[in-house]
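See structure below.
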Amino acid sequence: MKVTIRCYARFRDAFGEEQEIDLPPGSTVRDAVITLAKTGPDAELLVDDAQNIRSYVMIMYHDERISPIDAGLITLADGDLIILFPPVSGG
Amino acid sequence: MKGEKPLYKSSRFERQLPLIGSEGQKKLENSTVLIAGAGGLGSPAATYLALAGVGEIIIVDDDNIQESNLNRQFLHSAASVGRRKAYSAESTLHELAPDASIIAHPIRIDRTSARQLVRDADIVIDALDNYETRFILHDSAWAVGIPYIHGAIEGFSGQLTSIIPGKSPCLSCLIPGTPPGGKIPVIGATAGVIGSMQAMEVIKFLTGTGTMITGRLLIWDGLSGRSEYLKIGRRKNCHFCSDHGE
């Protein structure tokens with residue numbers, strides 16, 4: 001199945017504005033983020049060494065915010081959109 | 001405003017009185033806004049609030065102006081490099097809005113100063129550049145029950161939400177962790193967009209018009225022209241909310 005991931009701010013700089021990724025059926029939001037992380041040289045921006053999504057990653061799925069801890073519990077469907085945003089800090 | 005006797009001798013506010021009425025204008029005049037940071041976000045926020053007729057602006061920043069600030073911090077001029085940002089902001093705002101009371105504090109925001117600063121304010125604008133200070137100021141604003149208008153920028157992107165104690169999730173619910181810091185690149189216009197929206201949130205709150213961006217985080221990207229709203233609820237096990245009985 002195909003899932004689109006849209007990135008903002010420094011995630012966009014690292015992984016592109018939007019990527020369509022191929023995932024096996026039954027994949028979760030966490031699987032999608034890990035797959036995206038592998039497409040760029042800055043994987044550690046999104047996941048740690050144990051492939052856990054970093055706590056600061058804001059994930060939006062179906063207009064709801066998903067906690068990185070719960071991302072492995074949410075199963076994706078073909079055509080889904082996931083939005084990733086890092087909190088920005090400048091003023 | 002047909003048939004209404006003008007309250008103001010000058011025509012300074014005649015283009016906004018049809019929108020907020022003389023009652024709204026009076027509310028702005030009787031309000032005090034604390035602006036934490038006289039930098040990229042503080043410049044548009046303070047300027048538009050002073051021009052709108054806010055009666056008192058308290059502006060806090062302990063930095064001195066550097067040349068590298070000048071791509072976005074238009075409260076300060078090239079001739080002001082080296083000067084305290086708070087005082088430079090005070091001078092510029094006085095020139096723009098001579099009737100406004102501008103109080104400049106060139107001090108660091110810590111737990112003690114934050115408690116004193118929020119005491120005199122009706123609302124706070126977070127125009128800061130780091131989360132450590134943001135959490136200190138947010139916690140003080142929450143403790144006295146005044147709104148905290150959060151904004152932040154990086155590159156071509158920005159975020160904004162209005163935190164209203166007792167009605168919305170707190171800053172800790174919104175930001176459980178922050179990415180690694182460092183010197184952040186930014187286009188001045190990004191600060192202009194988010195800082196102006198912070199001023200708009202304050203005007204809406206003080207005049208009781210419109211709908212605040214509360215319980216949702218605006219994510220704005222200037223490069224693609226996209227924006228999203230991220231719904232934010234109270235986070236399970238949020239240490240701040242549970243400590244404050246929310």
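The way I read the labels, and the way they are meant: chains A, B, ... in the order of the structure tokens, residue 1 as the first residue of every chain, and ligand 1 as the first ligand shown, with later ones counted on from there.
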query = Which residues come within 9 Å of B:Glu23, counting only C-alpha atoms, excluding same-chain residues fewer than 5 positions away, as number ranges by chain?
reply = B: 17, 28, 207
Output C-alpha atoms for every residue in the selection just made, as a CSV table (one decimal), in the first residue's frame.
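Okay, selection.csv is ready:
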```csv
chain,number,residue,atom,x,y,z
B,17,LEU,CA,-13.0,51.7,14.8
B,28,LEU,CA,-7.1,48.2,24.1
B,207,THR,CA,-11.6,43.2,22.4
```
inquiry  = Distance limit 10 Å, atoms considered: only C-alpha atoms. Which chain A residues sit that close to chain B? Return them as a list in words.
reply    = Cys7, Tyr8, Ala9, Arg10, Asp13, Glu17, Leu45, Leu46, Arg54, Ser55, Tyr56, Val57, Met58, Ile59, Met60, Tyr61, Asp63, Glu64, Arg65, Ile66, Ser67, Ile83, Phe85, Pro86, Pro87, Val88, Ser89, Gly90 and Gly91 of chain A
inquiry  = Show me, as a list in words, the residues that have an atom within 10 Å of A:His62 when counting only C-alpha atoms, minus same-chain residues fewer than 6 positions from it.
reply    = Asp80, Leu81, Ile82 and Ile83 of chain A
key: Long-range neighbours of B:Ser91 as a list in words, 12 Å cut-off, only C-alpha atoms, 6 positions minimum in chain   =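 Here the qualifying residues turn out to be Thr47, Ile59, Leu75, His76, Ser77, Ser80, Arg83, Arg84, Lys85, Ala97, Pro98, Ala100, Ser101, Ile102, Ile103 and Ala104 of chain B.
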Can I get the selected residues back with C-alpha atoms, as a PDB file, in the first residue's frame?
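And here's selection-v1.pdb as it stands now:
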```pdb
ATOM      1  CA  THR B  47       4.638  47.344  16.602  1.00  0.00           C
ATOM      2  CA  ILE B  59       8.854  44.750  26.675  1.00  0.00           C
ATOM      3  CA  LEU B  75      12.435  47.595  16.044  1.00  0.00           C
ATOM      4  CA  HIS B  76      16.180  48.201  15.810  1.00  0.00           C
ATOM      5  CA  SER B  77      18.242  50.087  13.245  1.00  0.00           C
ATOM      6  CA  SER B  80      21.541  50.854  17.277  1.00  0.00           C
ATOM      7  CA  ARG B  83      22.494  49.000  22.349  1.00  0.00           C
ATOM      8  CA  ARG B  84      20.102  47.150  24.683  1.00  0.00           C
ATOM      9  CA  LYS B  85      17.209  45.733  22.659  1.00  0.00           C
ATOM     10  CA  ALA B  97       2.757  55.485  19.094  1.00  0.00           C
ATOM     11  CA  PRO B  98       3.502  58.492  21.331  1.00  0.00           C
ATOM     12  CA  ALA B 100       1.303  54.379  24.462  1.00  0.00           C
ATOM     13  CA  SER B 101       3.119  53.747  27.706  1.00  0.00           C
ATOM     14  CA  ILE B 102       6.154  51.594  26.911  1.00  0.00           C
ATOM     15  CA  ILE B 103       7.991  50.006  29.813  1.00  0.00           C
ATOM     16  CA  ALA B 104      11.376  48.508  28.944  1.00  0.00           C
TER      17      ALA B 104
END
```
request  = Would you please give, as a ChimeraX atom specification, all residues of stretch 37-184 of chain B that DSSP assigns to strand (DSSP E or B) based on the backbone?
outcome  = /B:56-60,64,84,101-105,123-126,148-155,157-163
Any idea what's packed within 12 Å of B:Ile203, counting only C-alpha atoms, ignoring anything in its chain fewer than 5 positions away? Could you give it as a PDB file with C-alpha atoms, in the first residue's frame?
```pdb
ATOM      1  CA  GLN B  16     -10.183  50.221  12.831  1.00  0.00           C
ATOM      2  CA  LEU B  19     -14.162  46.819  13.239  1.00  0.00           C
ATOM      3  CA  ILE B  20     -13.809  46.913  17.005  1.00  0.00           C
ATOM      4  CA  GLY B  24     -13.077  47.750  21.778  1.00  0.00           C
ATOM      5  CA  GLN B  25     -10.711  50.665  21.316  1.00  0.00           C
ATOM      6  CA  LYS B  26     -11.185  51.627  24.953  1.00  0.00           C
ATOM      7  CA  LYS B  27     -10.409  48.041  25.997  1.00  0.00           C
ATOM      8  CA  LEU B  28      -7.134  48.153  24.063  1.00  0.00           C
ATOM      9  CA  GLU B  29      -6.296  51.499  25.645  1.00  0.00           C
ATOM     10  CA  SER B  31      -4.831  46.979  28.597  1.00  0.00           C
ATOM     11  CA  THR B  32      -1.292  45.976  29.450  1.00  0.00           C
ATOM     12  CA  VAL B  33       0.511  43.486  27.228  1.00  0.00           C
ATOM     13  CA  ALA B  45       3.940  41.948  17.669  1.00  0.00           C
ATOM     14  CA  ALA B  46       4.932  45.061  19.621  1.00  0.00           C
ATOM     15  CA  TYR B  48       1.107  46.280  15.645  1.00  0.00           C
ATOM     16  CA  LEU B  49      -0.111  46.371  19.237  1.00  0.00           C
ATOM     17  CA  ALA B  50       1.318  49.841  19.838  1.00  0.00           C
ATOM     18  CA  LEU B  51      -0.174  51.068  16.560  1.00  0.00           C
ATOM     19  CA  ALA B  52      -3.540  49.493  17.427  1.00  0.00           C
ATOM     20  CA  GLY B  53      -3.694  51.633  20.566  1.00  0.00           C
ATOM     21  CA  VAL B  54      -2.788  49.207  23.361  1.00  0.00           C
ATOM     22  CA  ASP B 122      -3.479  41.214  31.041  1.00  0.00           C
ATOM     23  CA  ILE B 123      -1.877  38.882  28.496  1.00  0.00           C
ATOM     24  CA  VAL B 124       1.593  37.626  27.553  1.00  0.00           C
ATOM     25  CA  ILE B 125       3.227  37.282  24.145  1.00  0.00           C
ATOM     26  CA  ILE B 149       0.294  33.567  23.187  1.00  0.00           C
ATOM     27  CA  SER B 196       1.682  39.631  13.418  1.00  0.00           C
ATOM     28  CA  MET B 197      -0.607  36.683  14.130  1.00  0.00           C
ATOM     29  CA  GLN B 198       0.394  36.872  17.801  1.00  0.00           C
ATOM     30  CA  GLY B 208     -13.590  39.995  22.696  1.00  0.00           C
ATOM     31  CA  THR B 209     -13.838  39.490  18.928  1.00  0.00           C
ATOM     32  CA  GLY B 210     -13.264  36.464  16.702  1.00  0.00           C
ATOM     33  CA  THR B 211     -12.094  32.997  17.650  1.00  0.00           C
ATOM     34  CA  MET B 212      -8.769  32.389  19.335  1.00  0.00           C
TER      35      MET B 212
END
```
query = Can you tell me how far atom CA of B:Ala89 sits from atom CA of B:Ala121, in Å to one decimal?
reply =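 Distance reported for this atom pair: 18.2 Å.
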task = Determine which residues of stretch 2-241 of chain B receive a DSSP assignment of alpha helix (DSSP H), computed from the backbone, and state them as a PyMOL selection string.
result = chain B and resi 17-29+42-52+85-96+111-119+131-144+171-174+188-207+239-241
Would you write out those residues with C-alpha atoms, as a compact mmCIF listing (two decimals), in the first residue's frame?
```txt
# COMPACT_ATOMS: atom_id res chain seq x y z
CA LEU B 17 -13.04 51.71 14.85
CA PRO B 18 -15.63 50.27 12.43
CA LEU B 19 -14.16 46.82 13.24
CA ILE B 20 -13.81 46.91 17.01
CA GLY B 21 -15.98 49.89 17.98
CA SER B 22 -15.11 52.58 20.48
CA GLU B 23 -15.70 50.06 23.26
CA GLY B 24 -13.08 47.75 21.78
CA GLN B 25 -10.71 50.67 21.32
CA LYS B 26 -11.19 51.63 24.95
CA LYS B 27 -10.41 48.04 26.00
CA LEU B 28 -7.13 48.15 24.06
CA GLU B 29 -6.30 51.50 25.65
CA GLY B 42 8.63 40.85 19.25
CA SER B 43 9.20 43.41 16.50
CA PRO B 44 5.94 42.87 14.56
CA ALA B 45 3.94 41.95 17.67
CA ALA B 46 4.93 45.06 19.62
CA THR B 47 4.64 47.34 16.60
CA TYR B 48 1.11 46.28 15.64
CA LEU B 49 -0.11 46.37 19.24
CA ALA B 50 1.32 49.84 19.84
CA LEU B 51 -0.17 51.07 16.56
CA ALA B 52 -3.54 49.49 17.43
CA LYS B 85 17.21 45.73 22.66
CA ALA B 86 14.65 46.69 25.31
CA TYR B 87 15.63 50.37 25.20
CA SER B 88 15.88 50.47 21.42
CA ALA B 89 12.40 48.91 21.20
CA GLU B 90 11.10 51.47 23.67
CA SER B 91 12.43 54.38 21.56
CA THR B 92 11.02 53.00 18.30
CA LEU B 93 7.60 52.25 19.80
CA HIS B 94 7.45 55.74 21.38
CA GLU B 95 8.03 57.28 17.97
CA LEU B 96 5.36 55.11 16.35
CA ARG B 111 11.34 32.36 37.99
CA THR B 112 11.49 35.48 40.19
CA SER B 113 11.32 38.12 37.45
CA ALA B 114 8.64 36.17 35.53
CA ARG B 115 6.34 36.17 38.56
CA GLN B 116 6.68 39.94 38.90
CA LEU B 117 6.32 40.66 35.18
CA VAL B 118 3.08 38.73 34.65
CA ARG B 119 1.49 40.33 37.72
CA TYR B 131 12.01 26.63 25.52
CA GLU B 132 13.70 26.85 28.91
CA THR B 133 12.60 30.48 29.31
CA ARG B 134 9.27 29.78 27.61
CA PHE B 135 8.34 27.20 30.25
CA ILE B 136 9.32 29.57 33.09
CA LEU B 137 7.18 32.40 31.69
CA HIS B 138 4.30 30.11 30.73
CA ASP B 139 4.15 28.62 34.23
CA SER B 140 4.01 32.11 35.79
CA ALA B 141 1.27 33.25 33.38
CA TRP B 142 -0.73 30.08 34.07
CA ALA B 143 -0.39 30.62 37.84
CA VAL B 144 -2.06 34.04 37.63
CA LEU B 171 2.61 24.35 26.96
CA SER B 172 3.92 21.07 28.42
CA CYS B 173 0.97 19.21 26.87
CA LEU B 174 1.89 20.75 23.54
CA GLY B 188 12.57 37.91 8.37
CA ALA B 189 9.16 37.53 6.74
CA THR B 190 8.57 34.29 8.70
CA ALA B 191 8.91 36.26 11.93
CA GLY B 192 6.64 38.92 10.39
CA VAL B 193 3.84 36.42 9.74
CA ILE B 194 3.88 34.68 13.12
CA GLY B 195 4.56 37.84 15.16
CA SER B 196 1.68 39.63 13.42
CA MET B 197 -0.61 36.68 14.13
CA GLN B 198 0.39 36.87 17.80
CA ALA B 199 -0.64 40.55 17.80
CA MET B 200 -3.94 39.51 16.18
CA GLU B 201 -4.58 36.94 18.93
CA VAL B 202 -4.03 39.64 21.55
CA ILE B 203 -6.36 42.09 19.81
CA LYS B 204 -9.06 39.41 19.55
CA PHE B 205 -8.70 38.50 23.21
CA LEU B 206 -8.70 42.07 24.52
CA THR B 207 -11.61 43.24 22.39
CA HIS B 239 3.38 16.76 34.91
CA PHE B 240 2.35 20.44 34.80
CA CYS B 241 -1.41 19.87 34.44
```
key: Interatomic distance (Å, one decimal) between atom CA of A:Ile74 and atom CA of A:Ala50   =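 Going from atom CA of A:Ile74 over to atom CA of A:Ala50, I get 19.0 Å.
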query = What lies within 12 Å of A:Val33 using only C-alpha atoms, ignoring chain neighbours under 2 positions off, as a PyMOL selection string?
reply = chain A and resi 3-7+11+15+19-23+27-31+35-40+43-48+51-54+57-61+68+71-72+76+81-85
Pull C-alpha atoms from the residues just selected and write them as a PDB file, in the first residue's frame.
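Written output follows (again31.pdb):
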```
ATOM      1  CA  VAL A   3       1.116   6.234   2.213  1.00  0.00           C
ATOM      2  CA  THR A   4       2.067   9.889   1.852  1.00  0.00           C
ATOM      3  CA  ILE A   5       4.199  11.627   4.466  1.00  0.00           C
ATOM      4  CA  ARG A   6       4.282  15.420   4.482  1.00  0.00           C
ATOM      5  CA  CYS A   7       7.082  17.121   6.393  1.00  0.00           C
ATOM      6  CA  PHE A  11      12.019  17.552   8.640  1.00  0.00           C
ATOM      7  CA  PHE A  15      13.295  14.275   3.956  1.00  0.00           C
ATOM      8  CA  GLN A  19       7.112  11.508  -0.010  1.00  0.00           C
ATOM      9  CA  GLU A  20       4.955   8.593  -1.069  1.00  0.00           C
ATOM     10  CA  ILE A  21       6.240   5.404   0.494  1.00  0.00           C
ATOM     11  CA  ASP A  22       5.385   1.771  -0.122  1.00  0.00           C
ATOM     12  CA  LEU A  23       4.526  -0.301   2.930  1.00  0.00           C
ATOM     13  CA  SER A  27       1.952  -1.416   8.675  1.00  0.00           C
ATOM     14  CA  THR A  28       1.653   1.174  11.423  1.00  0.00           C
ATOM     15  CA  VAL A  29       2.368   4.902  11.694  1.00  0.00           C
ATOM     16  CA  ARG A  30       5.634   3.943  13.420  1.00  0.00           C
ATOM     17  CA  ASP A  31       6.634   1.705  10.487  1.00  0.00           C
ATOM     18  CA  THR A  35      10.774   3.853   6.570  1.00  0.00           C
ATOM     19  CA  LEU A  36      10.894   7.593   5.895  1.00  0.00           C
ATOM     20  CA  ALA A  37      13.852   8.034   8.268  1.00  0.00           C
ATOM     21  CA  LYS A  38      15.856   5.530   6.191  1.00  0.00           C
ATOM     22  CA  THR A  39      15.434   7.635   3.038  1.00  0.00           C
ATOM     23  CA  GLY A  40      17.717  10.445   4.218  1.00  0.00           C
ATOM     24  CA  ALA A  43      17.516   9.411  10.304  1.00  0.00           C
ATOM     25  CA  GLU A  44      18.421  10.328  13.884  1.00  0.00           C
ATOM     26  CA  LEU A  45      16.262  13.437  13.598  1.00  0.00           C
ATOM     27  CA  LEU A  46      13.206  11.159  13.587  1.00  0.00           C
ATOM     28  CA  VAL A  47      14.229   7.973  15.395  1.00  0.00           C
ATOM     29  CA  ASP A  48      16.776   6.879  18.000  1.00  0.00           C
ATOM     30  CA  GLN A  51      14.115   2.832  16.148  1.00  0.00           C
ATOM     31  CA  ASN A  52      11.817   4.605  18.592  1.00  0.00           C
ATOM     32  CA  ILE A  53      10.296   7.831  17.285  1.00  0.00           C
ATOM     33  CA  ARG A  54      11.830  10.778  19.105  1.00  0.00           C
ATOM     34  CA  VAL A  57       8.194  14.554  16.754  1.00  0.00           C
ATOM     35  CA  MET A  58       4.666  15.877  16.269  1.00  0.00           C
ATOM     36  CA  ILE A  59       2.636  13.393  14.246  1.00  0.00           C
ATOM     37  CA  MET A  60      -0.714  14.249  12.709  1.00  0.00           C
ATOM     38  CA  TYR A  61      -2.872  11.476  11.316  1.00  0.00           C
ATOM     39  CA  PRO A  68       5.197   8.854  19.241  1.00  0.00           C
ATOM     40  CA  ALA A  71       2.432   5.311  16.746  1.00  0.00           C
ATOM     41  CA  GLY A  72       3.052   1.540  16.717  1.00  0.00           C
ATOM     42  CA  LEU A  76      -2.469   2.499   8.234  1.00  0.00           C
ATOM     43  CA  LEU A  81      -1.553  10.944   4.859  1.00  0.00           C
ATOM     44  CA  ILE A  82       0.784  11.448   7.804  1.00  0.00           C
ATOM     45  CA  ILE A  83       2.113  14.905   8.715  1.00  0.00           C
ATOM     46  CA  LEU A  84       5.352  15.338  10.665  1.00  0.00           C
ATOM     47  CA  PHE A  85       6.415  18.545  12.371  1.00  0.00           C
TER      48      PHE A  85
END
```
inquiry  = I'd like the neighbourhood of B:Thr161 as a ChimeraX atom specification, where a residue qualifies if any of its atoms comes within 6 Å (using only C-alpha atoms), though same-chain residues fewer than 5 positions away should be ignored.
reply    = /B:150,213-214,217
Would you save the residues from that selection as a PDB file, in the first residue's frame, using N, CA and C atoms?
```pdb
ATOM      1  N   HIS B 150       1.694  31.787  22.407  1.00  0.00           N
ATOM      2  CA  HIS B 150       2.959  31.151  22.038  1.00  0.00           C
ATOM      3  C   HIS B 150       3.206  31.239  20.529  1.00  0.00           C
ATOM      4  N   ILE B 213      -6.994  30.988  18.503  1.00  0.00           N
ATOM      5  CA  ILE B 213      -6.367  29.716  18.090  1.00  0.00           C
ATOM      6  C   ILE B 213      -5.986  28.974  19.370  1.00  0.00           C
ATOM      7  N   THR B 214      -6.983  28.331  19.930  1.00  0.00           N
ATOM      8  CA  THR B 214      -6.847  27.673  21.227  1.00  0.00           C
ATOM      9  C   THR B 214      -7.167  26.187  21.077  1.00  0.00           C
ATOM     10  N   LEU B 217      -2.731  23.857  17.334  1.00  0.00           N
ATOM     11  CA  LEU B 217      -1.455  24.492  17.007  1.00  0.00           C
ATOM     12  C   LEU B 217      -1.454  24.793  15.513  1.00  0.00           C
TER      13      LEU B 217
END
```
ask   = Quick one: distance from atom CA of A:Ile34 to atom CA of A:Met1 in Å, one decimal?
value = 15.7 Å
